[in-house]
$ cat input.csv   # CSV, C-alpha atoms
chain,number,residue,atom,x,y,z
F,1,MET,CA,32.5,-5.1,-49.3
F,2,ASN,CA,30.1,-7.8,-50.2
F,3,PRO,CA,26.7,-7.0,-51.7
F,4,PHE,CA,24.9,-7.6,-48.4
F,5,GLN,CA,27.1,-5.2,-46.5
F,6,LEU,CA,26.7,-2.6,-49.2
F,7,ILE,CA,22.9,-2.8,-49.0
F,8,LEU,CA,23.0,-2.7,-45.3
F,9,PHE,CA,25.3,0.4,-45.4
F,10,LEU,CA,23.0,2.2,-47.9
F,11,CYS,CA,19.9,1.5,-45.8
F,12,VAL,CA,21.5,2.8,-42.6
F,13,ALA,CA,23.0,5.8,-44.4
F,14,SER,CA,19.7,6.7,-46.0
F,15,VAL,CA,17.8,6.4,-42.7
F,16,SER,CA,20.3,8.5,-40.9
F,17,CYS,CA,19.9,11.3,-43.5
F,18,PHE,CA,16.3,11.8,-42.5
F,19,VAL,CA,16.7,11.7,-38.7
F,20,PRO,CA,17.3,15.2,-37.5
F,21,GLN,CA,20.0,15.9,-34.9
F,22,HIS,CA,18.8,17.0,-31.5
F,23,SER,CA,18.8,20.8,-31.6
F,24,GLN,CA,20.3,21.1,-28.1
F,25,ARG,CA,23.4,19.3,-29.3
F,26,LEU,CA,23.6,21.6,-32.3
F,27,PHE,CA,23.1,24.8,-30.4
F,28,PRO,CA,24.0,24.1,-26.8
F,29,SER,CA,24.5,27.8,-25.8
F,30,ARG,CA,20.9,28.7,-27.0
F,31,TYR,CA,19.4,26.2,-24.5
F,32,GLN,CA,21.6,26.6,-21.5
F,33,HIS,CA,19.2,28.9,-19.7
F,34,GLN,CA,16.5,26.2,-19.9
F,35,THR,CA,18.5,23.5,-18.4
F,36,THR,CA,18.5,24.7,-14.8
F,37,SER,CA,18.0,21.9,-12.4
F,38,LEU,CA,14.8,21.8,-10.4
F,39,LEU,CA,14.9,21.0,-6.7
F,40,ARG,CA,12.4,18.3,-5.9
F,41,LEU,CA,11.7,17.6,-2.3
F,42,MET,CA,9.8,14.6,-1.0
F,43,THR,CA,6.7,15.9,0.7
F,44,GLU,CA,4.7,14.3,3.4
F,45,GLU,CA,1.8,13.9,1.0
F,46,GLN,CA,4.0,12.0,-1.4
F,47,VAL,CA,5.2,9.7,1.4
F,48,LEU,CA,1.7,9.1,2.5
F,49,ARG,CA,0.7,8.2,-1.1
F,50,LEU,CA,3.6,5.7,-1.3
F,51,VAL,CA,2.6,4.2,2.0
F,52,GLU,CA,-1.1,3.9,0.9
F,53,LYS,CA,0.0,2.2,-2.3
F,54,SER,CA,2.1,-0.2,-0.3
F,55,GLU,CA,-0.9,-1.0,2.0
F,56,GLU,CA,-3.2,-1.5,-0.9
F,57,LEU,CA,-0.8,-4.0,-2.5
F,58,TRP,CA,-0.5,-5.8,0.9
F,59,ASP,CA,-4.3,-6.0,1.1
F,60,LYS,CA,-4.5,-7.4,-2.4
F,61,ALA,CA,-1.7,-9.9,-1.6
F,62,LEU,CA,-3.6,-11.0,1.6
F,63,GLU,CA,-6.8,-11.5,-0.3
F,64,SER,CA,-5.0,-13.4,-3.1
F,65,ARG,CA,-3.3,-15.6,-0.5
F,66,LYS,CA,-6.6,-16.3,1.3
F,67,ARG,CA,-8.1,-17.4,-2.1
F,68,ALA,CA,-5.2,-19.7,-2.7
F,69,ASN,CA,-5.5,-21.2,0.7
F,70,GLU,CA,-9.3,-21.7,0.2
F,71,LEU,CA,-8.7,-23.4,-3.1
F,72,THR,CA,-6.0,-25.6,-1.5
F,73,ILE,CA,-8.4,-26.7,1.3
F,74,GLU,CA,-11.1,-27.4,-1.3
F,75,ALA,CA,-8.7,-29.4,-3.4
F,76,GLU,CA,-7.6,-31.4,-0.3
F,77,THR,CA,-11.2,-32.2,0.6
F,78,LEU,CA,-12.0,-33.2,-3.0
F,79,GLY,CA,-8.8,-35.3,-3.1
F,80,LEU,CA,-10.0,-37.2,0.0
F,81,GLN,CA,-13.3,-37.8,-1.6
F,82,VAL,CA,-11.7,-39.1,-4.8
F,83,GLU,CA,-9.5,-41.4,-2.8
F,84,SER,CA,-12.4,-42.9,-1.0
F,85,LEU,CA,-14.5,-43.2,-4.2
F,86,ALA,CA,-11.6,-44.7,-6.1
F,87,SER,CA,-11.1,-47.3,-3.4
F,88,ASP,CA,-14.8,-48.2,-3.5
F,89,ALA,CA,-14.8,-48.3,-7.3
F,90,THR,CA,-11.7,-50.5,-7.4
F,91,THR,CA,-13.3,-53.0,-4.9
F,92,SER,CA,-16.5,-53.0,-7.0
F,93,LEU,CA,-14.6,-53.6,-10.3
F,94,LYS,CA,-12.6,-56.5,-8.7
F,95,GLY,CA,-15.8,-58.4,-8.2
F,96,ALA,CA,-16.8,-61.4,-10.3
F,97,SER,CA,-18.9,-59.4,-12.7
F,98,ILE,CA,-18.7,-55.8,-13.9
F,99,SER,CA,-22.0,-54.1,-13.5
F,100,GLU,CA,-23.4,-50.9,-15.0
F,101,GLU,CA,-23.3,-49.5,-11.5
F,102,SER,CA,-19.6,-50.3,-11.0
F,103,LEU,CA,-18.8,-48.6,-14.4
F,104,LYS,CA,-20.8,-45.6,-13.3
F,105,GLU,CA,-18.8,-45.4,-10.1
F,106,ALA,CA,-15.5,-45.6,-12.0
F,107,THR,CA,-16.7,-42.9,-14.4
F,108,ASP,CA,-17.6,-40.7,-11.4
F,109,VAL,CA,-14.2,-41.2,-9.9
F,110,GLN,CA,-12.5,-40.3,-13.2
F,111,ASN,CA,-14.6,-37.1,-13.5
F,112,LYS,CA,-13.9,-36.1,-9.9
F,113,SER,CA,-10.2,-36.7,-10.6
F,114,ILE,CA,-10.3,-34.3,-13.5
F,115,ASP,CA,-12.1,-31.8,-11.4
F,116,LEU,CA,-9.4,-32.2,-8.7
F,117,GLY,CA,-6.7,-31.5,-11.3
F,118,SER,CA,-8.5,-28.4,-12.5
F,119,LEU,CA,-8.9,-27.2,-8.9
F,120,LEU,CA,-5.2,-27.9,-8.1
F,121,GLN,CA,-4.2,-25.9,-11.2
F,122,LYS,CA,-6.4,-22.9,-10.0
F,123,ALA,CA,-4.8,-23.2,-6.5
F,124,VAL,CA,-1.3,-23.1,-8.0
F,125,GLU,CA,-2.2,-20.1,-10.2
F,126,ALA,CA,-3.7,-18.2,-7.2
F,127,SER,CA,-0.6,-19.0,-5.2
F,128,LYS,CA,1.7,-17.7,-7.9
F,129,GLU,CA,-0.5,-14.5,-8.2
F,130,ALA,CA,-0.2,-14.0,-4.5
F,131,ASP,CA,3.5,-14.4,-4.7
F,132,GLU,CA,3.7,-11.8,-7.5
F,133,ILE,CA,1.5,-9.3,-5.6
F,134,GLU,CA,3.6,-9.9,-2.4
F,135,ALA,CA,6.8,-9.1,-4.4
F,136,LEU,CA,5.2,-5.9,-5.7
F,137,ALA,CA,4.1,-5.0,-2.2
F,138,GLU,CA,7.6,-5.5,-0.9
F,139,GLU,CA,9.0,-3.2,-3.6
F,140,ALA,CA,6.3,-0.6,-2.8
F,141,LEU,CA,7.2,-0.8,0.9
F,142,ALA,CA,10.9,-0.3,0.1
F,143,VAL,CA,10.0,2.7,-2.1
F,144,ALA,CA,7.8,4.1,0.7
F,145,GLU,CA,10.6,3.6,3.2
F,146,ALA,CA,13.1,5.3,0.9
F,147,GLY,CA,10.6,8.1,0.4
F,148,LEU,CA,10.3,8.6,4.2
F,149,GLU,CA,14.0,8.7,4.6
F,150,GLN,CA,14.3,11.3,1.8
F,151,HIS,CA,11.5,13.3,3.4
F,152,LEU,CA,13.3,13.3,6.7
F,153,LYS,CA,16.4,14.5,4.9
F,154,ASP,CA,14.5,17.2,3.0
F,155,PHE,CA,12.6,18.3,6.1
F,156,PRO,CA,14.7,17.5,9.2
F,157,GLU,CA,12.4,19.6,11.4
F,158,ALA,CA,9.5,17.2,10.5
F,159,ASP,CA,10.9,14.5,12.9

$ encode --input "input.csv" --output "structure tokens"
Amino acid sequence: MNPFQLILFLCVASVSCFVPQHSQRLFPSRYQHQTTSLLRLMTEEQVLRLVEKSEELWDKALESRKRANELTIEAETLGLQVESLASDATTSLKGASISEESLKEATDVQNKSIDLGSLLQKAVEASKEADEIEALAEEALAVAEAGLEQHLKDFPEAD
């Protein structure tokens, strides 16, 4: 055994000396009366809570998707403005002399392009957030459907 293995063994051995064993494993007969299984039925209230949670997530997903779409439309509008301004600035800069006004136009186009990039980033993030919320809503819906199925099994007269 090399020195590293020996140190590792001693560390593990010393830690395990201070970790108590679970008392149910030491004295299983003493705790048998406490390990009775509890019957848990899926109640109508539980199913309704699951459905409400799913609906809340779907509402959040819809709002998030609307926000992503609004940002996308805003970015598209700004993109068209930038395209038009860039064309004008390019034409202005191709002239015989470069004026202070043409440099200002070019700077404005550059600033609007930066704004467009920021807006596109926000739209992408909002779309990702909407996707994540939709995935959670799908999971919540599946849980609610499973809860309903279990409720119908637990209370067949509730059909």

$ atom_distance --input "input.csv" --atom1 "atom CA of Ile114 of chain F" --atom2 "atom CA of Thr77 of chain F"
14.3 Å

$ atom_distance --input "input.csv" --atom1 "atom CA of Asp108 of chain F" --atom2 "atom CA of Leu80 of chain F"
14.1 Å

$ residues_around --input "input.csv" --residues "Ala126 of chain F" --least-positions-apart "3" --cutoff "8 Å" --atoms "only C-alpha atoms" --output "CSV table (one decimal) with C-alpha atoms, in the coordinates of the input"
chain,number,residue,atom,x,y,z
F,64,SER,CA,-5.0,-13.4,-3.1
F,65,ARG,CA,-3.3,-15.6,-0.5
F,67,ARG,CA,-8.1,-17.4,-2.1
F,68,ALA,CA,-5.2,-19.7,-2.7
F,122,LYS,CA,-6.4,-22.9,-10.0
F,123,ALA,CA,-4.8,-23.2,-6.5
F,129,GLU,CA,-0.5,-14.5,-8.2
F,130,ALA,CA,-0.2,-14.0,-4.5

$ closest_residue --input "input.csv" --among "F:Leu116, F:Ala142, F:Ala61, F:Val47" --to "Leu78 of chain F" --atoms "only C-alpha atoms"
F:Leu116

$ residues_around --input "input.csv" --residues "Val143 of chain F" --least-positions-apart "4" --cutoff "12 Å" --atoms "all atoms listed in the file" --output "list in words"
Met42, Gln46, Val47, Leu48, Arg49, Leu50, Val51, Glu52, Lys53, Ser54, Leu136, Ala137, Glu138, Glu139, Gly147, Leu148, Glu149 and Gln150 of chain F

$ write_last_selection --input "input.csv" --atoms "C-alpha atoms" --output "JSON list (two decimals), in the coordinates of the input"
[["chain", "number", "residue", "atom", "x", "y", "z"],
["F", 42, "MET", "CA", 9.80, 14.60, -1.00],
["F", 46, "GLN", "CA", 4.00, 12.00, -1.40],
["F", 47, "VAL", "CA", 5.20, 9.70, 1.40],
["F", 48, "LEU", "CA", 1.70, 9.10, 2.50],
["F", 49, "ARG", "CA", 0.70, 8.20, -1.10],
["F", 50, "LEU", "CA", 3.60, 5.70, -1.30],
["F", 51, "VAL", "CA", 2.60, 4.20, 2.00],
["F", 52, "GLU", "CA", -1.10, 3.90, 0.90],
["F", 53, "LYS", "CA", 0.00, 2.20, -2.30],
["F", 54, "SER", "CA", 2.10, -0.20, -0.30],
["F", 136, "LEU", "CA", 5.20, -5.90, -5.70],
["F", 137, "ALA", "CA", 4.10, -5.00, -2.20],
["F", 138, "GLU", "CA", 7.60, -5.50, -0.90],
["F", 139, "GLU", "CA", 9.00, -3.20, -3.60],
["F", 147, "GLY", "CA", 10.60, 8.10, 0.40],
["F", 148, "LEU", "CA", 10.30, 8.60, 4.20],
["F", 149, "GLU", "CA", 14.00, 8.70, 4.60],
["F", 150, "GLN", "CA", 14.30, 11.30, 1.80]]

$ closest_residue --input "input.csv" --among "F:Thr43, F:Glu134, F:Lys104, F:Ser87" --to "Trp58 of chain F" --atoms "only C-alpha atoms"
F:Glu134

$ atom_distance --input "input.csv" --atom1 "atom CA of Leu85 of chain F" --atom2 "atom CA of Gly117 of chain F"
15.8 Å

$ residues_around --input "input.csv" --residues "Leu120 of chain F" --least-positions-apart "6" --cutoff "8 Å" --atoms "all atoms listed in the file" --output "ChimeraX atom specification"
/F:71-72,75

$ build_atoms --input "input.csv" --residues "segment 118-129 of chain F" --atoms "all heavy atoms" --output "PDB file, in the coordinates of the input"
ATOM      1  N   SER F 118      -8.112 -29.768 -12.108  1.00  0.00           N
ATOM      2  CA  SER F 118      -8.500 -28.400 -12.500  1.00  0.00           C
ATOM      3  C   SER F 118      -8.386 -27.489 -11.220  1.00  0.00           C
ATOM      4  O   SER F 118      -7.867 -26.367 -11.273  1.00  0.00           O
ATOM      5  CB  SER F 118      -9.849 -28.344 -13.069  1.00  0.00           C
ATOM      6  OG  SER F 118     -10.248 -27.027 -13.304  1.00  0.00           O
ATOM      7  N   LEU F 119      -8.908 -27.982 -10.115  1.00  0.00           N
ATOM      8  CA  LEU F 119      -8.900 -27.200  -8.900  1.00  0.00           C
ATOM      9  C   LEU F 119      -7.461 -27.001  -8.368  1.00  0.00           C
ATOM     10  O   LEU F 119      -7.113 -25.906  -7.905  1.00  0.00           O
ATOM     11  CB  LEU F 119      -9.733 -27.940  -7.817  1.00  0.00           C
ATOM     12  CG  LEU F 119     -10.073 -27.187  -6.549  1.00  0.00           C
ATOM     13  CD1 LEU F 119     -10.809 -25.891  -6.869  1.00  0.00           C
ATOM     14  CD2 LEU F 119     -10.941 -28.068  -5.645  1.00  0.00           C
ATOM     15  N   LEU F 120      -6.639 -28.016  -8.495  1.00  0.00           N
ATOM     16  CA  LEU F 120      -5.200 -27.900  -8.100  1.00  0.00           C
ATOM     17  C   LEU F 120      -4.518 -26.839  -8.968  1.00  0.00           C
ATOM     18  O   LEU F 120      -3.714 -26.040  -8.470  1.00  0.00           O
ATOM     19  CB  LEU F 120      -4.515 -29.218  -8.175  1.00  0.00           C
ATOM     20  CG  LEU F 120      -4.836 -30.216  -7.069  1.00  0.00           C
ATOM     21  CD1 LEU F 120      -4.221 -31.579  -7.387  1.00  0.00           C
ATOM     22  CD2 LEU F 120      -4.344 -29.711  -5.729  1.00  0.00           C
ATOM     23  N   GLN F 121      -4.834 -26.838 -10.256  1.00  0.00           N
ATOM     24  CA  GLN F 121      -4.200 -25.900 -11.200  1.00  0.00           C
ATOM     25  C   GLN F 121      -4.635 -24.438 -10.755  1.00  0.00           C
ATOM     26  O   GLN F 121      -3.812 -23.524 -10.733  1.00  0.00           O
ATOM     27  CB  GLN F 121      -4.658 -26.136 -12.609  1.00  0.00           C
ATOM     28  CG  GLN F 121      -4.071 -25.172 -13.610  1.00  0.00           C
ATOM     29  CD  GLN F 121      -2.557 -25.255 -13.693  1.00  0.00           C
ATOM     30  OE1 GLN F 121      -1.961 -26.304 -13.501  1.00  0.00           O
ATOM     31  NE2 GLN F 121      -1.931 -24.126 -13.958  1.00  0.00           N
ATOM     32  N   LYS F 122      -5.912 -24.251 -10.420  1.00  0.00           N
ATOM     33  CA  LYS F 122      -6.400 -22.900 -10.000  1.00  0.00           C
ATOM     34  C   LYS F 122      -5.680 -22.519  -8.676  1.00  0.00           C
ATOM     35  O   LYS F 122      -5.322 -21.351  -8.506  1.00  0.00           O
ATOM     36  CB  LYS F 122      -7.893 -22.948  -9.760  1.00  0.00           C
ATOM     37  CG  LYS F 122      -8.689 -22.979 -11.029  1.00  0.00           C
ATOM     38  CD  LYS F 122     -10.180 -23.022 -10.729  1.00  0.00           C
ATOM     39  CE  LYS F 122     -10.996 -23.157 -11.993  1.00  0.00           C
ATOM     40  NZ  LYS F 122     -12.439 -23.267 -11.699  1.00  0.00           N
ATOM     41  N   ALA F 123      -5.480 -23.470  -7.768  1.00  0.00           N
ATOM     42  CA  ALA F 123      -4.800 -23.200  -6.500  1.00  0.00           C
ATOM     43  C   ALA F 123      -3.352 -22.761  -6.745  1.00  0.00           C
ATOM     44  O   ALA F 123      -2.849 -21.810  -6.128  1.00  0.00           O
ATOM     45  CB  ALA F 123      -4.867 -24.373  -5.566  1.00  0.00           C
ATOM     46  N   VAL F 124      -2.685 -23.436  -7.655  1.00  0.00           N
ATOM     47  CA  VAL F 124      -1.300 -23.100  -8.000  1.00  0.00           C
ATOM     48  C   VAL F 124      -1.226 -21.705  -8.614  1.00  0.00           C
ATOM     49  O   VAL F 124      -0.364 -20.893  -8.265  1.00  0.00           O
ATOM     50  CB  VAL F 124      -0.680 -24.162  -8.925  1.00  0.00           C
ATOM     51  CG1 VAL F 124       0.621 -23.687  -9.534  1.00  0.00           C
ATOM     52  CG2 VAL F 124      -0.472 -25.473  -8.181  1.00  0.00           C
ATOM     53  N   GLU F 125      -2.139 -21.416  -9.532  1.00  0.00           N
ATOM     54  CA  GLU F 125      -2.200 -20.100 -10.200  1.00  0.00           C
ATOM     55  C   GLU F 125      -2.445 -18.994  -9.159  1.00  0.00           C
ATOM     56  O   GLU F 125      -1.824 -17.930  -9.197  1.00  0.00           O
ATOM     57  CB  GLU F 125      -3.211 -20.074 -11.289  1.00  0.00           C
ATOM     58  CG  GLU F 125      -2.827 -20.886 -12.506  1.00  0.00           C
ATOM     59  CD  GLU F 125      -3.949 -21.027 -13.518  1.00  0.00           C
ATOM     60  OE1 GLU F 125      -5.037 -20.442 -13.318  1.00  0.00           O
ATOM     61  OE2 GLU F 125      -3.739 -21.732 -14.521  1.00  0.00           O
ATOM     62  N   ALA F 126      -3.377 -19.244  -8.240  1.00  0.00           N
ATOM     63  CA  ALA F 126      -3.700 -18.200  -7.200  1.00  0.00           C
ATOM     64  C   ALA F 126      -2.496 -18.035  -6.289  1.00  0.00           C
ATOM     65  O   ALA F 126      -2.207 -16.905  -5.868  1.00  0.00           O
ATOM     66  CB  ALA F 126      -4.913 -18.689  -6.404  1.00  0.00           C
ATOM     67  N   SER F 127      -1.776 -19.095  -5.997  1.00  0.00           N
ATOM     68  CA  SER F 127      -0.600 -19.000  -5.200  1.00  0.00           C
ATOM     69  C   SER F 127       0.509 -18.174  -5.861  1.00  0.00           C
ATOM     70  O   SER F 127       1.169 -17.322  -5.245  1.00  0.00           O
ATOM     71  CB  SER F 127      -0.075 -20.363  -4.785  1.00  0.00           C
ATOM     72  OG  SER F 127       1.047 -20.270  -3.942  1.00  0.00           O
ATOM     73  N   LYS F 128       0.686 -18.432  -7.155  1.00  0.00           N
ATOM     74  CA  LYS F 128       1.700 -17.700  -7.900  1.00  0.00           C
ATOM     75  C   LYS F 128       1.289 -16.190  -7.978  1.00  0.00           C
ATOM     76  O   LYS F 128       2.140 -15.315  -7.847  1.00  0.00           O
ATOM     77  CB  LYS F 128       1.801 -18.222  -9.347  1.00  0.00           C
ATOM     78  CG  LYS F 128       2.567 -19.505  -9.438  1.00  0.00           C
ATOM     79  CD  LYS F 128       2.654 -19.985 -10.879  1.00  0.00           C
ATOM     80  CE  LYS F 128       3.380 -21.303 -10.988  1.00  0.00           C
ATOM     81  NZ  LYS F 128       3.434 -21.799 -12.375  1.00  0.00           N
ATOM     82  N   GLU F 129      -0.002 -15.927  -8.186  1.00  0.00           N
ATOM     83  CA  GLU F 129      -0.500 -14.500  -8.200  1.00  0.00           C
ATOM     84  C   GLU F 129      -0.222 -13.855  -6.881  1.00  0.00           C
ATOM     85  O   GLU F 129       0.224 -12.708  -6.839  1.00  0.00           O
ATOM     86  CB  GLU F 129      -1.976 -14.517  -8.542  1.00  0.00           C
ATOM     87  CG  GLU F 129      -2.568 -13.125  -8.569  1.00  0.00           C
ATOM     88  CD  GLU F 129      -4.062 -13.137  -8.824  1.00  0.00           C
ATOM     89  OE1 GLU F 129      -4.582 -14.105  -9.403  1.00  0.00           O
ATOM     90  OE2 GLU F 129      -4.716 -12.157  -8.428  1.00  0.00           O
TER      91      GLU F 129
END
